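Content type compact mmCIF, C-alpha atoms and all ligand atoms, from the file input_33.txt:
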```txt
# COMPACT_ATOMS: atom_id res chain seq x y z
CA MET A 12 -62.11 -47.69 38.70
CA ARG A 13 -60.09 -48.23 35.56
CA ILE A 14 -61.56 -51.37 34.02
CA ALA A 15 -60.07 -53.43 31.20
CA VAL A 16 -62.52 -55.77 29.51
CA ILE A 17 -60.65 -58.41 27.52
CA GLY A 18 -62.86 -59.48 24.60
CA ALA A 19 -65.32 -57.47 22.54
CA GLY A 20 -67.98 -60.16 22.14
CA SER A 21 -71.45 -60.24 23.73
CA VAL A 22 -70.18 -60.35 27.33
CA GLY A 23 -67.32 -57.90 26.86
CA ARG A 24 -69.49 -55.30 25.17
CA SER A 25 -72.30 -55.57 27.72
CA LEU A 26 -69.95 -55.28 30.68
CA ALA A 27 -68.03 -52.43 29.06
CA THR A 28 -71.25 -50.50 28.43
CA ALA A 29 -72.72 -51.22 31.86
CA THR A 30 -69.61 -50.28 33.82
CA GLU A 31 -69.01 -47.17 31.72
CA ARG A 32 -72.56 -46.05 32.56
CA GLN A 33 -71.59 -46.33 36.21
CA GLY A 34 -68.82 -43.80 35.60
CA HIS A 35 -65.87 -46.16 35.37
CA ASP A 36 -63.02 -45.59 32.96
CA VAL A 37 -63.32 -48.58 30.60
CA VAL A 38 -61.00 -49.86 27.87
CA VAL A 39 -61.83 -52.92 25.78
CA GLY A 40 -58.83 -55.13 25.05
CA VAL A 41 -58.91 -56.60 21.54
CA ARG A 42 -56.23 -58.35 19.59
CA ASP A 43 -56.61 -55.92 16.67
CA PRO A 44 -57.90 -52.54 17.88
CA ASP A 45 -58.20 -51.41 14.23
CA ASP A 46 -60.47 -54.34 13.29
CA PRO A 47 -63.61 -52.67 11.86
CA ARG A 48 -65.77 -55.32 13.63
CA HIS A 49 -64.89 -53.61 16.90
CA ALA A 50 -65.40 -50.03 15.71
CA ASP A 51 -68.50 -49.58 17.92
CA ALA A 52 -66.96 -51.21 21.01
CA GLY A 53 -65.91 -47.96 22.67
CA GLU A 54 -62.32 -47.17 23.68
CA ARG A 55 -60.05 -49.98 22.50
CA ALA A 56 -56.46 -51.05 23.01
CA THR A 57 -54.46 -54.24 22.77
CA PRO A 58 -55.21 -56.58 25.71
CA ALA A 59 -51.77 -55.83 27.22
CA ASP A 60 -52.20 -52.05 27.00
CA ALA A 61 -55.76 -52.22 28.32
CA ALA A 62 -54.76 -54.36 31.32
CA ALA A 63 -51.64 -52.42 32.33
CA GLY A 64 -52.38 -50.70 35.63
CA ALA A 65 -56.12 -51.48 35.54
CA ASP A 66 -57.99 -51.88 38.84
CA LEU A 67 -60.11 -54.62 37.31
CA VAL A 68 -59.39 -56.90 34.35
CA VAL A 69 -62.47 -58.77 33.10
CA LEU A 70 -61.79 -61.92 31.11
CA ALA A 71 -64.59 -62.22 28.52
CA VAL A 72 -63.08 -64.61 25.97
CA PRO A 73 -64.03 -68.15 24.91
CA ALA A 74 -62.83 -70.90 27.26
CA ALA A 75 -60.39 -72.17 24.64
CA ALA A 76 -58.74 -68.73 24.49
CA VAL A 77 -58.23 -68.18 28.23
CA ALA A 78 -54.62 -69.38 28.42
CA ASP A 79 -53.62 -67.43 25.32
CA ALA A 80 -55.38 -64.26 26.46
CA LEU A 81 -53.90 -64.35 29.98
CA ALA A 82 -50.38 -64.98 28.68
CA SER A 83 -50.37 -61.54 27.07
CA LEU A 84 -51.52 -59.58 30.15
CA PRO A 85 -49.19 -57.70 32.55
CA LEU A 86 -51.00 -58.58 35.80
CA ALA A 87 -49.79 -57.33 39.18
CA PRO A 88 -51.37 -55.99 42.40
CA PRO A 89 -53.58 -54.05 42.94
CA THR A 90 -55.36 -55.42 39.84
CA VAL A 91 -58.26 -57.83 40.43
CA VAL A 92 -59.11 -60.34 37.70
CA VAL A 93 -62.75 -61.19 37.00
CA ASP A 94 -63.29 -64.49 35.21
CA ALA A 95 -66.60 -64.44 33.28
CA THR A 96 -65.84 -67.55 31.21
CA ASN A 97 -67.73 -70.82 30.91
CA ALA A 98 -66.63 -74.16 29.51
CA VAL A 99 -69.52 -74.65 27.10
CA ALA A 100 -68.24 -76.46 24.02
CA ALA A 101 -65.87 -78.71 25.97
CA PRO A 102 -64.97 -79.37 29.62
CA PRO A 103 -62.15 -77.40 31.28
CA PRO A 104 -58.67 -78.66 30.30
CA ASP A 105 -57.33 -81.83 31.94
CA GLY A 106 -56.28 -81.27 35.53
CA PHE A 107 -58.75 -78.43 36.12
CA ALA A 108 -62.19 -79.01 37.60
CA THR A 109 -63.40 -75.54 36.62
CA MET A 110 -62.51 -72.67 34.35
CA GLY A 111 -61.97 -70.69 37.54
CA ALA A 112 -59.26 -73.13 38.63
CA LEU A 113 -57.56 -72.79 35.26
CA THR A 114 -57.68 -69.00 35.46
CA ARG A 115 -56.42 -68.99 39.05
CA SER A 116 -53.45 -71.15 37.98
CA LEU A 117 -52.50 -68.75 35.18
CA VAL A 118 -52.68 -65.49 37.16
CA PRO A 119 -49.89 -64.43 39.57
CA ALA A 120 -50.72 -65.56 43.12
CA ALA A 121 -50.72 -61.99 44.45
CA VAL A 122 -53.51 -60.97 42.06
CA PRO A 123 -57.02 -61.88 43.29
CA VAL A 124 -59.25 -63.80 40.87
CA VAL A 125 -63.05 -63.75 41.14
CA LYS A 126 -65.59 -65.80 39.19
CA ALA A 127 -68.50 -63.55 38.25
CA PHE A 128 -70.90 -62.42 35.51
CA ASN A 129 -70.90 -65.88 33.87
CA THR A 130 -74.27 -67.12 35.16
CA ILE A 131 -76.65 -65.10 33.00
CA GLY A 132 -77.12 -64.19 29.34
CA ALA A 133 -74.81 -61.42 28.20
CA GLU A 134 -77.69 -59.07 27.36
CA HIS A 135 -78.82 -59.07 31.01
CA LEU A 136 -75.43 -57.78 32.11
CA LEU A 137 -76.58 -54.42 30.75
CA THR A 138 -79.48 -54.12 33.18
CA GLY A 139 -78.61 -56.41 36.09
CA GLY A 140 -82.00 -58.09 35.82
CA VAL A 141 -85.16 -58.59 33.84
CA ASP A 142 -88.09 -56.17 33.68
CA GLY A 143 -86.82 -54.24 36.66
CA THR A 144 -86.29 -57.27 38.93
CA PRO A 145 -82.66 -57.74 39.99
CA ALA A 146 -81.16 -61.03 38.85
CA PHE A 147 -79.44 -63.38 41.29
CA LEU A 148 -75.68 -63.27 40.69
CA PRO A 149 -73.54 -65.78 42.58
CA ILE A 150 -69.81 -64.98 42.69
CA ALA A 151 -66.80 -66.63 44.36
CA GLY A 152 -63.05 -66.30 44.60
CA ASP A 153 -60.24 -64.64 46.47
CA PRO A 154 -61.69 -62.57 49.35
CA ALA A 155 -59.63 -59.47 48.49
CA GLY A 156 -61.27 -59.38 45.07
CA VAL A 157 -64.75 -60.59 46.00
CA ASP A 158 -65.49 -57.41 47.97
CA VAL A 159 -64.59 -55.23 44.96
CA VAL A 160 -66.59 -57.30 42.47
CA GLU A 161 -69.57 -57.64 44.80
CA ALA A 162 -69.83 -53.85 45.12
CA LEU A 163 -69.50 -53.38 41.36
CA ALA A 164 -72.18 -56.01 40.62
CA ARG A 165 -74.57 -54.40 43.12
CA ASP A 166 -74.04 -51.04 41.40
CA LEU A 167 -74.96 -52.75 38.11
CA GLY A 168 -78.27 -53.80 39.67
CA PHE A 169 -77.67 -57.45 40.60
CA ASP A 170 -78.80 -59.32 43.70
CA VAL A 171 -75.30 -60.59 44.49
CA ALA A 172 -74.41 -63.58 46.65
CA ALA A 173 -70.73 -64.02 47.52
CA LEU A 174 -70.54 -67.80 47.95
CA GLY A 175 -66.99 -68.05 49.27
CA GLY A 176 -63.49 -68.74 48.05
CA HIS A 177 -62.23 -70.84 45.18
CA ASP A 178 -63.84 -73.96 46.63
CA ALA A 179 -67.19 -72.32 45.75
CA VAL A 180 -66.31 -71.53 42.13
CA ALA A 181 -67.74 -74.87 40.96
CA LEU A 182 -71.13 -73.83 42.38
CA VAL A 183 -71.01 -70.64 40.32
CA GLU A 184 -70.08 -72.53 37.15
CA ASP A 185 -72.82 -75.12 37.83
CA HIS A 186 -75.32 -72.29 38.14
CA ALA A 187 -74.23 -71.07 34.70
CA ARG A 188 -74.74 -74.59 33.32
CA LEU A 189 -78.32 -74.55 34.61
CA TRP A 190 -79.03 -71.22 32.85
CA ILE A 191 -77.48 -72.53 29.62
CA HIS A 192 -79.42 -75.82 29.84
CA LEU A 193 -82.77 -74.02 30.25
CA MET A 194 -81.88 -71.53 27.52
CA ARG A 195 -81.14 -74.37 25.11
CA THR A 196 -84.16 -76.50 26.01
CA GLY A 197 -86.87 -74.03 25.20
CA TRP A 198 -86.66 -71.16 27.70
CA GLY A 199 -84.81 -68.85 25.33
CA ARG A 200 -82.58 -66.04 26.54
CA GLY A 201 -85.07 -63.69 28.17
CA PHE A 202 -85.03 -65.13 31.68
CA ALA A 203 -82.86 -64.80 34.77
CA PHE A 204 -82.98 -66.33 38.24
CA ALA A 205 -84.24 -64.32 41.21
CA VAL A 206 -84.41 -65.30 44.88
CA LEU A 207 -87.51 -65.18 47.10
CA GLY A 208 -87.29 -64.73 50.85
CA ARG A 209 -83.59 -64.02 51.01
CA PRO A 210 -82.63 -63.34 54.63
CA ALA A 211 -81.32 -59.89 55.47
CA PRO A 212 -77.55 -59.76 56.05
CA ALA A 213 -76.61 -60.57 59.64
CA THR A 214 -76.20 -57.44 61.75
CA ALA A 215 -72.86 -57.15 63.48
CA VAL A 216 -73.13 -57.24 67.28
CA PRO A 217 -71.35 -54.18 68.69
CA ALA A 218 -68.37 -55.02 70.90
CA ASP A 219 -68.62 -54.02 74.56
N1 LIG B 301 -72.75 -65.14 25.53
C1 LIG B 301 -73.25 -65.19 26.74
O1 LIG B 301 -74.47 -64.96 26.96
C2 LIG B 301 -72.35 -65.50 27.91
C3 LIG B 301 -72.82 -65.25 29.20
C4 LIG B 301 -71.98 -65.47 30.29
C5 LIG B 301 -70.69 -65.94 30.09
N2 LIG B 301 -70.26 -66.20 28.81
C6 LIG B 301 -68.87 -66.64 28.65
O2 LIG B 301 -68.11 -65.44 28.46
C7 LIG B 301 -67.04 -65.67 27.53
C8 LIG B 301 -67.21 -64.72 26.34
O3 LIG B 301 -68.44 -65.03 25.72
P1 LIG B 301 -68.99 -64.16 24.48
O4 LIG B 301 -70.33 -64.70 24.17
O5 LIG B 301 -68.81 -62.72 24.77
O6 LIG B 301 -67.95 -64.62 23.35
P2 LIG B 301 -67.78 -64.03 21.89
O7 LIG B 301 -68.98 -63.21 21.54
O8 LIG B 301 -67.39 -65.17 21.02
O9 LIG B 301 -66.53 -63.03 22.02
C9 LIG B 301 -65.30 -63.50 22.45
C10 LIG B 301 -64.27 -62.38 22.34
O10 LIG B 301 -63.03 -62.92 22.77
C11 LIG B 301 -62.01 -62.45 21.90
N3 LIG B 301 -60.88 -63.38 21.88
C12 LIG B 301 -60.85 -64.63 21.37
N4 LIG B 301 -59.63 -65.17 21.57
C13 LIG B 301 -58.88 -64.22 22.20
C14 LIG B 301 -57.54 -64.16 22.67
N5 LIG B 301 -56.73 -65.22 22.54
N6 LIG B 301 -57.10 -63.01 23.27
C15 LIG B 301 -57.91 -61.95 23.41
N7 LIG B 301 -59.21 -61.95 22.98
C16 LIG B 301 -59.68 -63.08 22.40
C17 LIG B 301 -62.68 -62.34 20.54
O11 LIG B 301 -61.91 -61.45 19.79
P3 LIG B 301 -61.97 -61.38 18.20
O12 LIG B 301 -63.27 -60.67 17.94
O13 LIG B 301 -60.77 -60.59 17.84
O14 LIG B 301 -61.95 -62.78 17.68
C18 LIG B 301 -64.06 -61.82 20.93
O15 LIG B 301 -64.05 -60.42 20.98
C19 LIG B 301 -67.13 -67.15 27.15
O16 LIG B 301 -66.24 -67.87 27.96
C20 LIG B 301 -68.58 -67.51 27.45
O17 LIG B 301 -68.74 -68.89 27.77
C21 LIG B 301 -71.05 -65.98 27.72
```

Will you turn the file into structure tokens for me?
Ligand SMILES: NC(=O)c1ccc[n+]([C@@H]2O[C@H](COP(=O)([O-])OP(=O)(O)OC[C@H]3O[C@@H](n4cnc5c(N)ncnc54)[C@H](OP(=O)(O)O)[C@@H]3O)[C@@H](O)[C@H]2O)c1
Amino acid sequence: MRIAVIGAGSVGRSLATATERQGHDVVVGVRDPDDPRHADAGERATPADAAAGADLVVLAVPAAAVADALASLPLAPPTVVVDATNAVAAPPPDGFATMGALTRSLVPAAVPVVKAFNTIGAEHLLTGGVDGTPAFLPIAGDPAGVDVVEALARDLGFDVAALGGHDAVALVEDHARLWIHLMRTGWGRGFAFAVLGRPAPATAVPAD
């Protein structure tokens, strides 16, 4: 896939590196591609140039910058938008229960939006887990995009659970809040959640 990662911070860089390792064609969208701070961030372009025609656009900017960042992007099918943001310093803006709802409202209706990669420390996005154990990665959003993002996250090593549509985005953001709470109250950044005893996927019953 051609992947545009908007933001060259901890999340953007980890996802750019991890997806490039999987053989994807990755461009990092930064407001000033000549900014020396981003010199080691791989291939760079303005957010608009990076996003044009991309199969996947990953939003990896601070919550307060989401509206500004999205306003500059030319988004149209078949692009899928991945929202990796969390409202950490402040709640989502008035009228929006989640960052996912805000993002969904700012992206054209025909473009699927999926909440993903926000529930774990950015450094673990490079490996998909900790010490060789896959990390649990809940995702949710528009079905047409969830399939694409689920497959990508599995390739990155995660134990992915697609929780459902946009009504399940709050669960994903709550899961991120739990990781952040533990990180801040003494656990540090080295941990991730894993699931024990997960049932095998249901096997389809062949039609007669
Ligand atoms: N850090 C984590 O472990 C972690 C984990 C999961 C999810 N998250 C979430 O992921 C998002 C990114 O986190 P981060 O830690 O990677 O943040 P970060 O290190 O602060 O980087 C944010 C990036 O966003 C860019 N940016 C800011 N405003 C922008 C705009 N209006 N348009 C385009 N780009 C803009 C910045 O560009 P400049 O360099 O040009 O300022 C910077 O490259 C946040 O919502 C965060 O809550 C973070």

Go through range 36-124 of chain A residue by residue and, counting only C-alpha atoms, keep those with an atom at most 8 Å from range 176-194 of chain A; for each kept residue give the shortest atom pair and its distance in Å to one decimal, ordered by chain and increasing number, as CSV.
```
residue,atom,partner,partner_atom,distance
A:Asn97,CA,A:Glu184,CA,6.9
A:Ala108,CA,A:Ala181,CA,7.7
A:Thr109,CA,A:Ala181,CA,6.2
A:Gly111,CA,A:Val180,CA,6.4
A:Ala112,CA,A:His177,CA,7.5
```

- Work out how far CA of Leu26 in chain A is from CA of Leu84 in chain A, in Å to one decimal.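 Taking CA of Leu84 in chain A and CA of Leu26 in chain A, their separation equals 18.9 Å.
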
Using only C-alpha atoms and all ligand atoms, find each residue in chain A having at least one atom no more than 7 Å away from ligand LIG 301 (chain B); report its shortest atom-to-atom pair and that distance in Å (one decimal), rows by chain then rising number, as JSON lines.
```
{"residue": "A:Ile17", "atom": "CA", "partner": "B:LIG301", "partner_atom": "N7", "distance": 5.9}
{"residue": "A:Gly18", "atom": "CA", "partner": "B:LIG301", "partner_atom": "O10", "distance": 3.9}
{"residue": "A:Ala19", "atom": "CA", "partner": "B:LIG301", "partner_atom": "O15", "distance": 3.6}
{"residue": "A:Gly20", "atom": "CA", "partner": "B:LIG301", "partner_atom": "O9", "distance": 3.2}
{"residue": "A:Ser21", "atom": "CA", "partner": "B:LIG301", "partner_atom": "O5", "distance": 3.8}
{"residue": "A:Val22", "atom": "CA", "partner": "B:LIG301", "partner_atom": "O5", "distance": 3.7}
{"residue": "A:Gly23", "atom": "CA", "partner": "B:LIG301", "partner_atom": "O5", "distance": 5.5}
{"residue": "A:Val41", "atom": "CA", "partner": "B:LIG301", "partner_atom": "N7", "distance": 5.5}
{"residue": "A:Arg42", "atom": "CA", "partner": "B:LIG301", "partner_atom": "O13", "distance": 5.4}
{"residue": "A:Asp43", "atom": "CA", "partner": "B:LIG301", "partner_atom": "O13", "distance": 6.4}
{"residue": "A:Pro58", "atom": "CA", "partner": "B:LIG301", "partner_atom": "C15", "distance": 6.4}
{"residue": "A:Ala71", "atom": "CA", "partner": "B:LIG301", "partner_atom": "C8", "distance": 4.2}
{"residue": "A:Val72", "atom": "CA", "partner": "B:LIG301", "partner_atom": "O10", "distance": 3.6}
{"residue": "A:Pro73", "atom": "CA", "partner": "B:LIG301", "partner_atom": "O16", "distance": 3.8}
{"residue": "A:Ala74", "atom": "CA", "partner": "B:LIG301", "partner_atom": "O16", "distance": 4.6}
{"residue": "A:Ala76", "atom": "CA", "partner": "B:LIG301", "partner_atom": "N5", "distance": 4.5}
{"residue": "A:Val77", "atom": "CA", "partner": "B:LIG301", "partner_atom": "N5", "distance": 6.6}
{"residue": "A:Asp79", "atom": "CA", "partner": "B:LIG301", "partner_atom": "N5", "distance": 4.7}
{"residue": "A:Ala80", "atom": "CA", "partner": "B:LIG301", "partner_atom": "N6", "distance": 3.8}
{"residue": "A:Ala95", "atom": "CA", "partner": "B:LIG301", "partner_atom": "O2", "distance": 5.1}
{"residue": "A:Thr96", "atom": "CA", "partner": "B:LIG301", "partner_atom": "O16", "distance": 3.3}
{"residue": "A:Asn97", "atom": "CA", "partner": "B:LIG301", "partner_atom": "O17", "distance": 3.8}
{"residue": "A:Ala98", "atom": "CA", "partner": "B:LIG301", "partner_atom": "O17", "distance": 5.9}
{"residue": "A:Val99", "atom": "CA", "partner": "B:LIG301", "partner_atom": "O17", "distance": 5.9}
{"residue": "A:Phe128", "atom": "CA", "partner": "B:LIG301", "partner_atom": "C4", "distance": 6.1}
{"residue": "A:Asn129", "atom": "CA", "partner": "B:LIG301", "partner_atom": "C4", "distance": 3.8}
{"residue": "A:Thr130", "atom": "CA", "partner": "B:LIG301", "partner_atom": "C4", "distance": 5.6}
{"residue": "A:Ile131", "atom": "CA", "partner": "B:LIG301", "partner_atom": "C3", "distance": 5.4}
{"residue": "A:Gly132", "atom": "CA", "partner": "B:LIG301", "partner_atom": "O1", "distance": 3.6}
{"residue": "A:Ala133", "atom": "CA", "partner": "B:LIG301", "partner_atom": "O1", "distance": 3.8}
{"residue": "A:Glu134", "atom": "CA", "partner": "B:LIG301", "partner_atom": "O1", "distance": 6.7}
```

- Query: Please, what distance in Å, to one decimal, runs between CA of Ala203 in chain A and CA of Pro123 in chain A?
  - Reply: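 According to the coordinates, CA of Ala203 in chain A and CA of Pro123 in chain A are separated by 27.4 Å.
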
- So which one's closest to Ala29 in chain A, A:Arg13, A:His135, A:Lys126, A:Arg115? Using all atoms listed in the file, please.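 Closest candidate: A:His135.
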
- Item | Distance of CA of Val68 in chain A from CA of Ile150 in chain A, expressed in Å to one decimal place |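 Interatomic distance, CA of Ile150 in chain A to CA of Val68 in chain A: 15.6 Å.
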